[in-house]
>>> print(open('upload20.txt').read())   # compact mmCIF, C-alpha atoms and all ligand atoms
# COMPACT_ATOMS: atom_id res chain seq x y z
CA LYS A 1 42.48 3.49 -6.74
CA ALA A 2 41.92 4.27 -10.42
CA SER A 3 43.39 1.83 -12.89
CA PRO A 4 46.25 3.16 -15.09
CA ASP A 5 44.08 3.47 -18.18
CA MET A 6 41.71 5.84 -16.32
CA ARG A 7 44.31 8.59 -16.82
CA VAL A 8 43.11 9.45 -20.32
CA PHE A 9 39.63 10.12 -18.93
CA GLU A 10 40.94 12.16 -16.03
CA GLN A 11 42.99 14.35 -18.36
CA LEU A 12 40.64 14.77 -21.28
CA GLU A 13 37.07 14.48 -20.08
CA SER A 14 35.03 17.37 -18.75
CA GLU A 15 34.22 17.52 -15.06
CA VAL A 16 30.60 16.70 -15.82
CA ARG A 17 29.18 13.26 -15.27
CA SER A 18 30.75 11.94 -18.52
CA TYR A 19 33.87 11.34 -16.42
CA CYS A 20 32.55 8.63 -14.13
CA ARG A 21 34.20 8.64 -10.72
CA SER A 22 32.09 5.93 -9.09
CA PHE A 23 33.54 3.06 -11.09
CA PRO A 24 37.19 3.96 -11.68
CA THR A 25 38.16 1.44 -14.32
CA VAL A 26 37.80 0.99 -18.06
CA PHE A 27 35.19 -1.55 -19.07
CA GLU A 28 35.63 -3.56 -22.20
CA LYS A 29 33.30 -6.54 -22.42
CA ALA A 30 29.91 -7.61 -21.15
CA GLN A 31 27.56 -10.58 -21.18
CA GLY A 32 24.30 -11.08 -19.32
CA TYR A 33 24.82 -9.77 -15.79
CA LYS A 34 28.62 -9.63 -16.08
CA LEU A 35 31.09 -6.94 -17.12
CA TRP A 36 34.84 -7.21 -17.65
CA ASP A 37 37.39 -4.42 -17.46
CA THR A 38 40.61 -4.00 -19.44
CA GLN A 39 42.52 -5.74 -16.64
CA GLY A 40 40.37 -8.84 -17.14
CA ARG A 41 38.49 -8.46 -13.85
CA GLU A 42 34.92 -9.79 -13.85
CA PHE A 43 32.22 -7.60 -12.28
CA ILE A 44 28.63 -8.42 -11.39
CA ASP A 45 26.32 -5.74 -12.73
CA PHE A 46 23.55 -4.77 -10.28
CA PHE A 47 23.18 -1.40 -11.99
CA ALA A 48 22.18 -2.57 -15.47
CA GLY A 49 22.44 0.81 -17.17
CA ALA A 50 20.10 2.34 -14.57
CA GLY A 51 17.37 0.01 -15.77
CA ALA A 52 18.24 0.05 -19.49
CA LEU A 53 19.46 -3.55 -19.44
CA ASN A 54 16.55 -5.56 -18.04
CA TYR A 55 17.40 -8.33 -20.52
CA GLY A 56 21.12 -8.15 -19.69
CA HIS A 57 24.14 -7.22 -21.78
CA ASN A 58 24.42 -8.58 -25.32
CA HIS A 59 21.43 -10.90 -25.19
CA PRO A 60 22.34 -13.68 -27.69
CA ALA A 61 18.99 -13.79 -29.54
CA MET A 62 19.05 -10.01 -29.93
CA THR A 63 22.70 -10.04 -31.02
CA LYS A 64 21.81 -12.54 -33.73
CA LYS A 65 18.86 -10.48 -34.95
CA LEU A 66 20.99 -7.32 -35.00
CA VAL A 67 23.91 -8.95 -36.83
CA ASP A 68 21.57 -10.54 -39.39
CA TYR A 69 19.86 -7.19 -39.86
CA LEU A 70 23.14 -5.31 -40.31
CA THR A 71 24.66 -7.82 -42.72
CA SER A 72 21.59 -8.08 -44.93
CA GLY A 73 21.60 -4.54 -46.30
CA ASN A 74 18.69 -3.35 -44.19
CA ILE A 75 18.09 0.30 -43.40
CA VAL A 76 19.59 1.63 -40.15
CA HIS A 77 18.73 5.31 -40.12
CA SER A 78 15.47 6.46 -41.62
CA LEU A 79 14.29 9.44 -39.53
CA ASP A 80 10.59 8.71 -39.13
CA MET A 81 10.00 6.99 -42.45
CA ALA A 82 7.95 3.82 -42.29
CA THR A 83 10.29 0.83 -42.30
CA LYS A 84 9.79 -2.91 -42.08
CA ALA A 85 11.61 -2.98 -38.70
CA LYS A 86 9.33 -0.28 -37.31
CA GLU A 87 6.23 -1.99 -38.63
CA GLU A 88 7.25 -5.29 -37.02
CA PHE A 89 7.90 -3.61 -33.70
CA LEU A 90 4.53 -1.83 -33.73
CA LYS A 91 2.68 -5.03 -34.63
CA ARG A 92 4.41 -7.10 -31.96
CA PHE A 93 3.99 -4.39 -29.31
CA ASP A 94 0.28 -4.33 -30.04
CA GLU A 95 -0.04 -8.14 -30.03
CA VAL A 96 2.15 -8.91 -27.02
CA ILE A 97 1.76 -5.89 -24.77
CA LEU A 98 -1.34 -3.82 -25.53
CA GLN A 99 -3.98 -6.32 -26.67
CA PRO A 100 -3.58 -8.93 -23.91
CA ARG A 101 -3.94 -6.13 -21.35
CA GLN A 102 -6.91 -4.65 -23.24
CA LEU A 103 -5.08 -1.34 -23.43
CA ASP A 104 -5.90 1.16 -26.12
CA TYR A 105 -3.03 3.56 -26.78
CA LYS A 106 -1.50 5.30 -29.76
CA VAL A 107 2.26 4.81 -29.94
CA MET A 108 4.55 7.77 -30.49
CA PHE A 109 8.32 7.81 -30.92
CA PRO A 110 9.32 11.03 -29.17
CA GLY A 111 13.12 10.79 -29.52
CA PRO A 112 15.77 8.40 -28.25
CA THR A 113 15.80 9.06 -24.49
CA GLY A 114 13.70 9.03 -21.36
CA ALA A 115 13.79 12.81 -21.19
CA ASN A 116 12.39 12.95 -24.73
CA THR A 117 9.30 10.94 -23.81
CA VAL A 118 8.75 13.07 -20.71
CA GLU A 119 9.06 16.27 -22.75
CA SER A 120 6.54 14.98 -25.28
CA ALA A 121 4.12 14.06 -22.49
CA LEU A 122 4.40 17.50 -20.89
CA LYS A 123 3.90 19.29 -24.19
CA LEU A 124 0.95 17.13 -25.17
CA ALA A 125 -0.78 17.50 -21.79
CA ARG A 126 -0.46 21.28 -22.05
CA LYS A 127 -1.69 21.31 -25.64
CA VAL A 128 -4.65 19.04 -24.96
CA THR A 129 -5.85 20.86 -21.82
CA GLY A 130 -4.74 24.41 -22.62
CA ARG A 131 -3.30 24.55 -19.10
CA GLU A 132 0.26 25.20 -18.07
CA THR A 133 1.08 23.72 -14.67
CA VAL A 134 2.11 20.12 -14.20
CA ILE A 135 2.13 18.58 -10.74
CA SER A 136 4.90 16.19 -9.86
CA PHE A 137 5.96 14.76 -6.51
CA THR A 138 8.73 15.18 -3.98
CA HIS A 139 11.78 13.03 -4.86
CA ALA A 140 10.61 12.77 -8.50
CA PHE A 141 13.16 12.32 -11.27
CA HIS A 142 12.02 12.84 -14.84
CA GLY A 143 15.15 13.81 -16.81
CA MET A 144 17.71 16.50 -17.45
CA THR A 145 16.16 18.57 -20.24
CA LEU A 146 14.57 21.85 -19.21
CA GLY A 147 10.94 20.70 -19.09
CA ALA A 148 11.71 17.35 -17.47
CA LEU A 149 14.04 19.05 -15.01
CA SER A 150 11.34 21.56 -14.07
CA ILE A 151 9.26 18.66 -12.67
CA THR A 152 12.27 16.90 -11.12
CA ALA A 153 12.28 17.42 -7.37
CA ASN A 154 15.99 17.36 -6.69
CA SER A 155 17.56 20.73 -5.95
CA PHE A 156 21.10 19.63 -6.83
CA LYS A 157 19.99 18.55 -10.31
CA ARG A 158 17.82 21.67 -10.67
CA HIS A 159 20.83 23.87 -9.90
CA GLY A 160 22.33 22.53 -13.12
CA ALA A 161 19.99 24.90 -14.95
CA GLY A 162 21.55 27.87 -13.17
CA VAL A 163 18.28 29.71 -12.56
CA PRO A 164 15.03 28.79 -10.81
CA LEU A 165 12.69 26.63 -12.88
CA ASN A 166 8.96 27.17 -13.11
CA HIS A 167 5.79 25.58 -14.47
CA ALA A 168 5.77 22.87 -11.82
CA VAL A 169 4.47 22.19 -8.36
CA SER A 170 5.85 19.36 -6.24
CA MET A 171 3.35 17.75 -3.91
CA PRO A 172 4.38 15.24 -1.20
CA TYR A 173 4.73 11.69 -2.58
CA GLU A 174 2.91 9.06 -0.56
CA ASN A 175 4.22 9.02 3.04
CA TYR A 176 6.76 11.77 2.35
CA LEU A 177 5.44 13.64 5.37
CA GLY A 178 4.50 10.51 7.30
CA ASP A 179 1.03 9.16 7.93
CA ALA A 180 -0.14 12.43 9.43
CA VAL A 181 -0.33 14.25 6.09
CA ASP A 182 -2.61 12.97 3.36
CA SER A 183 -1.02 14.72 0.39
CA LEU A 184 -3.85 14.01 -2.04
CA THR A 185 -6.52 15.51 0.21
CA LEU A 186 -4.18 18.46 0.62
CA LEU A 187 -3.82 18.80 -3.14
CA GLU A 188 -7.56 18.62 -3.62
CA ARG A 189 -8.07 21.31 -0.97
CA TYR A 190 -5.55 23.47 -2.80
CA LEU A 191 -7.35 22.98 -6.09
CA GLU A 192 -10.67 24.01 -4.51
CA ASP A 193 -9.15 26.99 -2.71
CA LYS A 194 -8.81 30.23 -4.68
CA GLY A 195 -6.26 31.39 -2.14
CA SER A 196 -3.89 28.46 -2.67
CA GLY A 197 -2.23 29.98 -5.71
CA ILE A 198 -2.34 26.67 -7.54
CA ASP A 199 -3.94 26.80 -10.97
CA LEU A 200 -5.78 23.79 -12.29
CA PRO A 201 -2.93 21.71 -13.72
CA ALA A 202 -2.68 20.12 -17.14
CA ALA A 203 -1.37 16.88 -15.68
CA ILE A 204 -0.07 14.97 -12.73
CA ILE A 205 3.07 12.99 -13.46
CA LEU A 206 4.43 10.23 -11.24
CA GLU A 207 6.72 7.23 -10.98
CA THR A 208 5.01 4.29 -9.25
CA VAL A 209 8.40 3.45 -7.75
CA GLN A 210 10.78 6.40 -7.64
CA GLY A 211 14.12 5.16 -8.93
CA GLU A 212 16.54 8.07 -8.65
CA GLY A 213 14.52 9.47 -5.74
CA GLY A 214 15.46 6.55 -3.47
CA ILE A 215 13.27 3.53 -4.36
CA ASN A 216 10.13 5.03 -2.89
CA VAL A 217 7.23 2.69 -3.57
CA ALA A 218 3.69 4.01 -3.97
CA SER A 219 0.90 1.73 -2.81
CA SER A 220 -1.81 0.58 -5.21
CA GLN A 221 -4.34 2.37 -3.07
CA TRP A 222 -2.53 5.71 -3.35
CA LEU A 223 -2.12 5.29 -7.12
CA LYS A 224 -5.85 4.63 -7.45
CA GLN A 225 -6.57 7.74 -5.41
CA VAL A 226 -4.34 9.82 -7.69
CA GLU A 227 -6.19 8.42 -10.70
CA GLN A 228 -9.58 9.23 -9.13
CA LEU A 229 -8.43 12.76 -8.34
CA CYS A 230 -7.34 13.20 -11.96
CA ARG A 231 -10.71 11.97 -13.21
CA ARG A 232 -12.65 14.30 -10.84
CA TRP A 233 -10.71 17.35 -11.99
CA ASP A 234 -10.19 16.47 -15.62
CA ILE A 235 -6.41 16.39 -15.14
CA LEU A 236 -4.31 14.08 -17.30
CA LEU A 237 -2.46 11.30 -15.50
CA ILE A 238 1.05 10.65 -16.82
CA VAL A 239 2.98 7.64 -15.55
CA ASP A 240 6.71 7.91 -16.10
CA ASP A 241 7.60 4.23 -16.51
CA VAL A 242 11.06 4.95 -17.91
CA GLN A 243 12.85 3.15 -15.06
CA ALA A 244 10.08 1.10 -13.40
CA GLY A 245 8.59 -0.16 -16.68
CA CYS A 246 9.52 -3.04 -19.03
CA GLY A 247 9.17 -5.60 -16.24
CA ARG A 248 11.44 -4.07 -13.61
CA THR A 249 8.74 -4.37 -10.93
CA GLY A 250 7.36 -7.66 -12.29
CA PRO A 251 4.57 -6.88 -14.77
CA PHE A 252 5.45 -5.13 -18.03
CA PHE A 253 3.97 -1.82 -16.84
CA SER A 254 4.67 -0.89 -13.23
CA PHE A 255 1.11 0.36 -12.69
CA GLU A 256 -0.61 -2.88 -13.74
CA ALA A 257 -0.81 -4.18 -10.18
CA ALA A 258 -2.68 -1.02 -9.14
CA GLY A 259 -5.21 -1.43 -11.95
CA ILE A 260 -4.95 2.18 -13.10
CA GLU A 261 -4.99 3.45 -16.69
CA PRO A 262 -2.82 6.49 -17.27
CA ASP A 263 -3.68 8.93 -20.07
CA ILE A 264 -0.04 9.06 -21.14
CA ILE A 265 2.73 6.53 -20.45
CA CYS A 266 6.44 7.26 -20.81
CA LEU A 267 8.73 4.35 -21.67
CA SER A 268 12.43 4.25 -22.49
CA LYS A 269 15.55 2.52 -21.11
CA SER A 270 14.79 -1.23 -21.50
CA ILE A 271 12.19 -0.77 -24.25
CA GLY A 272 15.17 -0.85 -26.68
CA GLY A 273 15.95 -4.37 -25.40
CA TYR A 274 19.68 -4.27 -25.95
CA GLY A 275 20.56 -0.95 -24.39
CA LEU A 276 19.95 0.82 -27.68
CA PRO A 277 18.45 4.31 -27.34
CA MET A 278 14.70 4.21 -27.78
CA ALA A 279 11.64 5.80 -26.20
CA LEU A 280 7.89 5.49 -26.55
CA THR A 281 5.08 7.75 -25.50
CA LEU A 282 1.78 5.93 -25.26
CA ILE A 283 -1.21 8.19 -25.67
CA LYS A 284 -4.90 7.49 -25.06
CA PRO A 285 -6.42 7.89 -28.57
CA GLU A 286 -8.62 10.84 -27.56
CA PHE A 287 -5.51 12.84 -26.60
CA ASP A 288 -3.57 12.15 -29.79
CA LYS A 289 -3.95 15.78 -30.78
CA TRP A 290 -0.70 16.75 -32.46
CA ALA A 291 -0.63 17.91 -36.02
CA PRO A 292 1.86 15.94 -38.13
CA GLY A 293 5.37 17.34 -37.59
CA GLU A 294 4.58 19.26 -34.40
CA HIS A 295 6.92 17.01 -32.43
CA ASN A 296 9.76 15.43 -34.36
CA GLY A 297 13.44 14.57 -34.04
CA THR A 298 16.29 13.01 -36.02
CA PHE A 299 16.76 9.88 -33.95
CA ARG A 300 13.21 9.12 -32.95
CA GLY A 301 12.92 5.89 -34.84
CA HIS A 302 16.12 3.90 -34.77
CA ASN A 303 15.80 0.69 -36.74
CA LEU A 304 18.45 -1.23 -34.77
CA ALA A 305 16.55 -0.40 -31.60
CA PHE A 306 13.32 -1.61 -33.25
CA VAL A 307 14.98 -4.91 -34.19
CA ALA A 308 16.25 -5.55 -30.64
CA ALA A 309 13.04 -4.24 -29.08
CA THR A 310 10.92 -6.59 -31.21
CA GLU A 311 13.01 -9.56 -30.12
CA ALA A 312 12.80 -8.44 -26.47
CA LEU A 313 9.01 -8.65 -26.65
CA SER A 314 9.38 -12.46 -26.82
CA PHE A 315 9.95 -12.32 -23.06
CA TRP A 316 6.35 -11.15 -22.70
CA GLU A 317 4.53 -13.94 -24.53
CA THR A 318 3.86 -15.77 -21.26
CA ASP A 319 3.80 -14.65 -17.62
CA THR A 320 6.94 -16.65 -16.71
CA PHE A 321 9.20 -13.60 -16.85
CA THR A 322 6.95 -11.63 -14.50
CA LYS A 323 6.68 -14.52 -12.06
CA GLU A 324 10.44 -15.08 -12.06
CA THR A 325 11.13 -11.38 -11.49
CA LEU A 326 8.74 -11.36 -8.54
CA ARG A 327 10.33 -14.52 -7.12
CA LYS A 328 13.85 -13.08 -7.44
CA GLY A 329 12.60 -9.78 -6.03
CA GLU A 330 11.34 -11.55 -2.90
CA LYS A 331 14.70 -13.26 -2.54
CA VAL A 332 16.51 -9.91 -2.75
CA LYS A 333 14.12 -8.35 -0.26
CA LEU A 334 14.63 -11.18 2.26
CA ALA A 335 18.41 -10.97 1.91
CA LEU A 336 18.38 -7.20 2.35
CA GLN A 337 16.09 -7.46 5.36
CA ARG A 338 18.45 -9.95 6.96
CA MET A 339 21.37 -7.54 6.39
CA ALA A 340 19.32 -4.74 7.95
CA ASP A 341 18.38 -6.92 10.94
CA ASP A 342 22.00 -8.02 11.43
CA HIS A 343 23.11 -4.40 11.78
CA PRO A 344 20.41 -2.51 13.72
CA GLU A 345 22.86 0.35 14.41
CA LEU A 346 22.75 1.23 10.66
CA GLU A 347 19.03 2.06 10.89
CA ALA A 348 18.63 0.43 7.51
CA GLU A 349 15.31 0.31 5.68
CA VAL A 350 14.59 -2.11 2.85
CA ARG A 351 12.56 -0.78 -0.09
CA GLY A 352 11.41 -1.99 -3.44
CA ARG A 353 9.09 -3.89 -5.72
CA GLY A 354 10.12 -6.71 -8.03
CA LEU A 355 13.80 -6.33 -8.95
CA MET A 356 13.81 -2.60 -8.22
CA ALA A 357 15.28 -2.74 -4.74
CA GLY A 358 17.15 -0.56 -2.31
CA ILE A 359 18.51 -0.38 1.20
CA ALA A 360 18.48 3.04 2.86
CA PHE A 361 20.94 3.81 5.64
CA GLY A 362 20.57 6.28 8.49
CA GLU A 363 24.15 7.52 8.42
CA THR A 364 25.14 10.11 5.77
CA ASP A 365 27.57 8.81 3.16
CA PHE A 366 27.20 5.20 4.34
CA ALA A 367 25.52 4.05 1.11
CA SER A 368 28.33 5.66 -0.93
CA LYS A 369 30.88 3.81 1.20
CA VAL A 370 29.01 0.55 0.59
CA CYS A 371 29.02 1.16 -3.17
CA LYS A 372 32.79 1.86 -3.12
CA GLU A 373 33.45 -1.29 -1.11
CA ALA A 374 31.24 -3.24 -3.52
CA PHE A 375 33.21 -1.93 -6.48
CA THR A 376 36.50 -3.16 -4.99
CA ARG A 377 34.82 -6.57 -4.64
CA GLN A 378 33.65 -6.40 -8.26
CA LEU A 379 29.98 -5.67 -7.77
CA ILE A 380 28.49 -2.64 -9.51
CA ILE A 381 25.78 -0.84 -7.53
CA GLU A 382 24.77 2.82 -7.44
CA THR A 383 23.35 5.11 -4.79
CA SER A 384 20.05 6.93 -5.12
CA GLY A 385 17.94 9.31 -3.07
CA PRO A 386 18.40 13.05 -2.54
CA ASP A 387 21.31 12.51 -0.13
CA ASP A 388 22.62 9.37 -1.83
CA GLU A 389 21.38 7.52 1.24
CA VAL A 390 20.12 4.44 -0.61
CA ALA A 391 22.16 1.63 -2.15
CA LYS A 392 20.10 0.78 -5.21
CA LEU A 393 19.97 -2.69 -6.74
CA LEU A 394 18.79 -3.10 -10.32
CA PRO A 395 20.19 -6.44 -11.50
CA PRO A 396 19.28 -7.46 -15.05
CA LEU A 397 15.99 -9.36 -14.83
CA ILE A 398 17.53 -12.33 -16.65
CA ILE A 399 20.02 -12.89 -13.81
CA ASP A 400 20.13 -16.45 -12.46
CA ASP A 401 20.04 -17.41 -8.79
CA GLU A 402 23.77 -18.00 -8.68
CA GLY A 403 24.50 -14.46 -9.90
CA LEU A 404 21.96 -13.01 -7.51
CA ASP A 405 23.43 -14.94 -4.56
CA ARG A 406 26.98 -13.90 -5.46
CA GLY A 407 26.00 -10.24 -5.76
CA LEU A 408 24.07 -10.29 -2.49
CA ALA A 409 26.98 -11.97 -0.69
CA ILE A 410 29.33 -9.23 -1.94
CA LEU A 411 26.85 -6.59 -0.80
CA GLU A 412 26.79 -8.12 2.66
CA GLU A 413 30.60 -8.12 2.85
CA SER A 414 30.64 -4.52 1.59
CA ILE A 415 28.26 -3.40 4.34
CA LYS A 416 30.54 -5.01 6.93
CA ALA A 417 33.62 -3.40 5.35
CA ALA A 418 31.96 0.03 5.20
CA LYS A 419 31.21 -0.23 8.94
CA ALA A 420 34.80 -1.09 9.85
N1 LIG B 1 12.34 9.29 -16.00
C1 LIG B 1 12.81 8.43 -15.10
C2 LIG B 1 11.87 7.82 -14.10
C3 LIG B 1 14.16 8.07 -15.07
O1 LIG B 1 14.63 7.22 -14.15
C4 LIG B 1 15.02 8.65 -16.04
C5 LIG B 1 16.50 8.30 -16.09
N2 LIG B 1 17.09 7.87 -14.94
C6 LIG B 1 14.49 9.56 -16.97
C7 LIG B 1 13.15 9.84 -16.92
C8 LIG B 1 15.35 10.22 -17.99
O2 LIG B 1 15.82 9.30 -18.93
P1 LIG B 1 17.09 9.64 -19.83
O3 LIG B 1 18.28 9.67 -18.93
O4 LIG B 1 17.16 8.54 -20.84
O5 LIG B 1 16.82 10.95 -20.46
>>> encode(input="upload20.txt", output="structure tokens", more="lines below")
Ligand code: PMP
Amino acid sequence: KASPDMRVFEQLESEVRSYCRSFPTVFEKAQGYKLWDTQGREFIDFFAGAGALNYGHNHPAMTKKLVDYLTSGNIVHSLDMATKAKEEFLKRFDEVILQPRQLDYKVMFPGPTGANTVESALKLARKVTGRETVISFTHAFHGMTLGALSITANSFKRHGAGVPLNHAVSMPYENYLGDAVDSLTLLERYLEDKGSGIDLPAAIILETVQGEGGINVASSQWLKQVEQLCRRWDILLIVDDVQAGCGRTGPFFSFEAAGIEPDIICLSKSIGGYGLPMALTLIKPEFDKWAPGEHNGTFRGHNLAFVAATEALSFWETDTFTKETLRKGEKVKLALQRMADDHPELEAEVRGRGLMAGIAFGETDFASKVCKEAFTRQLIIETSGPDDEVAKLLPPLIIDDEGLDRGLAILEESIKAAKA
């Protein structure tokens, strides 16, 4: 039941997603992996801003940097002027992320959101190749703006545009049609075949683990095959690392384990460190083809986000953070597998990589019931997948074992309660 102070939202907010029905309370405070509502109830956050809070809520070192920055007369809004905060971020990003991985990319600030980086990637791929089509995959989610939505394979979300969307072709993601269909061979056949109706695309865009699409994990082998296909056909490879990036799957970039090198990388969500809006588009230098001013935007270089983002890069000076995320990820996977094994009638399937985890249920609406039960027990989790069939777990990566155990125990109770 909604708390009394939810009434203002019910009366005044539009029916669109801004009025959040899944978590019917008013939140007031947050720290690390915890949230508190106006009634003083403590919640465990396994949602983490859909991956925007990998370093948790209000990280103390980032808070300090932000407060110092704000109280020292520094510049907050500067459009895309060069600032000290921006310079420091760029330098640290190069030193801590790009150089140790021997990656050579130009950094672009496309706007404050994930959809902004995807839009910039789509535009650039089309400009560089002079081709129009972009291939994405079944279950893909790339954002709500018109271009990003056109490559998002979710008909409910697409209906939000009111009319059919074009410029995109969705091919089956790995295993979407089972082992019998090799979607990449199919795609290559289509490209060779004048009768297929598929024009040579500008780019292929993918998530290495599909977040909104239901925690679908691509194998390293499949990712390598996609890269090889792109190289054979001179198609740009775009990795949308908005949700899976910034350490969510273990390494900083989700594709590192596969050893591929995308032409364009989209980052947002946790790149801002503190939950502050920020996005990056990383571009292989040879494709950095925009004329100055061809892609701009008012909030594409927010200095507070740079300050928090620079501090967040400290997590990446050693490989401890990656190792810990992988260790905690294994723990989550084992716990979920045990829950699945304990309830064979639920036909549950455990999915994930690192701390991007999910449990898919056979019965329609079961995952939604689990999330509701979890909320009443003060655990925040969301569903994902085209039919909301997956309970998705994205705890902040900084979570300790105690928090993880408590959250998992609540999940287990919630599954039992949803069955009753
Ligand atoms: N790409 C992916 C993979 C995402 O998960 C999301 C957001 N869930 C986006 C793009 C869009 O990001 P935003 O909501 O910040 O526009």
>>> closest_residue(input="upload20.txt", among="A:Lys157, A:Lys194, A:Arg21, A:His59", to="Phe315 in chain A", atoms="all atoms listed in the file")
A:His59
>>> residues_near_ligand(input="upload20.txt", ligand="ligand LIG 1 (chain B)", cutoff="8 Å", atoms="all atoms listed in the file", output="list in words")
Ala50, Gly51, Pro112, Thr113, Gly114, Ala115, Asn116, Thr117, Val118, Ala140, Phe141, His142, Gly143, Met144, Thr145, Ala148, Glu207, Gln210, Gly211, Glu212, Asp240, Asp241, Val242, Gln243, Ala244, Cys266, Ser268, Lys269 and Pro277 of chain A
>>> atom_distance(input="upload20.txt", atom1="CA of Leu90 in chain A", atom2="CA of Val67 in chain A")
20.9 Å
>>> residues_around(input="upload20.txt", residues="Ala121 in chain A", least_positions_apart="4", cutoff="8 Å", atoms="all atoms listed in the file", output="ChimeraX atom specification")
/A:117,125,238,264-266,281
>>> closest_residue(input="upload20.txt", among="A:Leu229, A:Leu236, A:Ile283, A:Ala30", to="Met108 in chain A", atoms="only C-alpha atoms")
A:Ile283
>>> closest_residue(input="upload20.txt", among="A:Gly293, A:Gly250, A:Gly275, A:Gly358", to="Leu326 in chain A", atoms="only C-alpha atoms")
A:Gly250
>>> atom_distance(input="upload20.txt", atom1="CA of Ser183 in chain A", atom2="CA of Thr208 in chain A")
15.4 Å
>>> closest_residue(input="upload20.txt", among="A:Thr310, A:Ala391, A:Gln102, A:Lys34", to="Leu411 in chain A", atoms="only C-alpha atoms")
A:Ala391
>>> closest_residue(input="upload20.txt", among="A:Val370, A:Leu103, A:Ile97, A:Leu206", to="Val134 in chain A", atoms="all atoms listed in the file")
A:Leu206
>>> closest_residue(input="upload20.txt", among="A:Asn303, A:Asn166, A:Thr71, A:Ser136", to="Glu88 in chain A", atoms="only C-alpha atoms")
A:Asn303
>>> residues_around(input="upload20.txt", residues="Ile359 in chain A", least_positions_apart="5", cutoff="6 Å", atoms="all atoms listed in the file", output="list of chain:residue names")
A:Glu349, A:Val350, A:Val390, A:Ala391
>>> write_last_selection(input="upload20.txt", atoms="C-alpha atoms", output="CSV table (one decimal), in the coordinates of the input")
chain,number,residue,atom,x,y,z
A,349,GLU,CA,15.3,0.3,5.7
A,350,VAL,CA,14.6,-2.1,2.8
A,390,VAL,CA,20.1,4.4,-0.6
A,391,ALA,CA,22.2,1.6,-2.2
>>> atom_distance(input="upload20.txt", atom1="CA of Lys392 in chain A", atom2="CA of Pro164 in chain A")
29.0 Å
>>> residues_around(input="upload20.txt", residues="Glu42 in chain A", least_positions_apart="5", cutoff="9 Å", atoms="all atoms listed in the file", output="ChimeraX atom specification")
/A:34-37,378-379
>>> axis_aligned_box(input="upload20.txt", around="range 12-16 of chain A", padding_each_side="5 Å", output="lines of an AutoDock Vina configuration file")
center_x = 35.6
center_y = 16.0
center_z = -18.2
size_x = 20.0
size_y = 13.0
size_z = 16.2
>>> residues_around(input="upload20.txt", residues="Phe299 in chain A", least_positions_apart="3", cutoff="9 Å", atoms="all atoms listed in the file", output="JSON, numbers by chain")
{"A": [77, 78, 79, 80, 110, 111, 112, 277, 278, 296, 302]}
>>> residues_around(input="upload20.txt", residues="Ala85 in chain A", least_positions_apart="3", cutoff="12 Å", atoms="only C-alpha atoms", output="ChimeraX atom specification")
/A:65-66,69-70,74-78,80-82,88-92,301-311
>>> write_last_selection(input="upload20.txt", atoms="C-alpha atoms", output="compact mmCIF listing (two decimals), in the frame of the given file")
# COMPACT_ATOMS: atom_id res chain seq x y z
CA LYS A 65 18.86 -10.48 -34.95
CA LEU A 66 20.99 -7.32 -35.00
CA TYR A 69 19.86 -7.19 -39.86
CA LEU A 70 23.14 -5.31 -40.31
CA ASN A 74 18.69 -3.35 -44.19
CA ILE A 75 18.09 0.30 -43.40
CA VAL A 76 19.59 1.63 -40.15
CA HIS A 77 18.73 5.31 -40.12
CA SER A 78 15.47 6.46 -41.62
CA ASP A 80 10.59 8.71 -39.13
CA MET A 81 10.00 6.99 -42.45
CA ALA A 82 7.95 3.82 -42.29
CA GLU A 88 7.25 -5.29 -37.02
CA PHE A 89 7.90 -3.61 -33.70
CA LEU A 90 4.53 -1.83 -33.73
CA LYS A 91 2.68 -5.03 -34.63
CA ARG A 92 4.41 -7.10 -31.96
CA GLY A 301 12.92 5.89 -34.84
CA HIS A 302 16.12 3.90 -34.77
CA ASN A 303 15.80 0.69 -36.74
CA LEU A 304 18.45 -1.23 -34.77
CA ALA A 305 16.55 -0.40 -31.60
CA PHE A 306 13.32 -1.61 -33.25
CA VAL A 307 14.98 -4.91 -34.19
CA ALA A 308 16.25 -5.55 -30.64
CA ALA A 309 13.04 -4.24 -29.08
CA THR A 310 10.92 -6.59 -31.21
CA GLU A 311 13.01 -9.56 -30.12
>>> residues_near_point(input="upload20.txt", point="(28.7, -12.2, -19.6)", cutoff="12 Å", atoms="only C-alpha atoms", output="NGL selection string")
:A and (28-37 or 41-45 or 55-60 or 396 or 398-400 or 403)
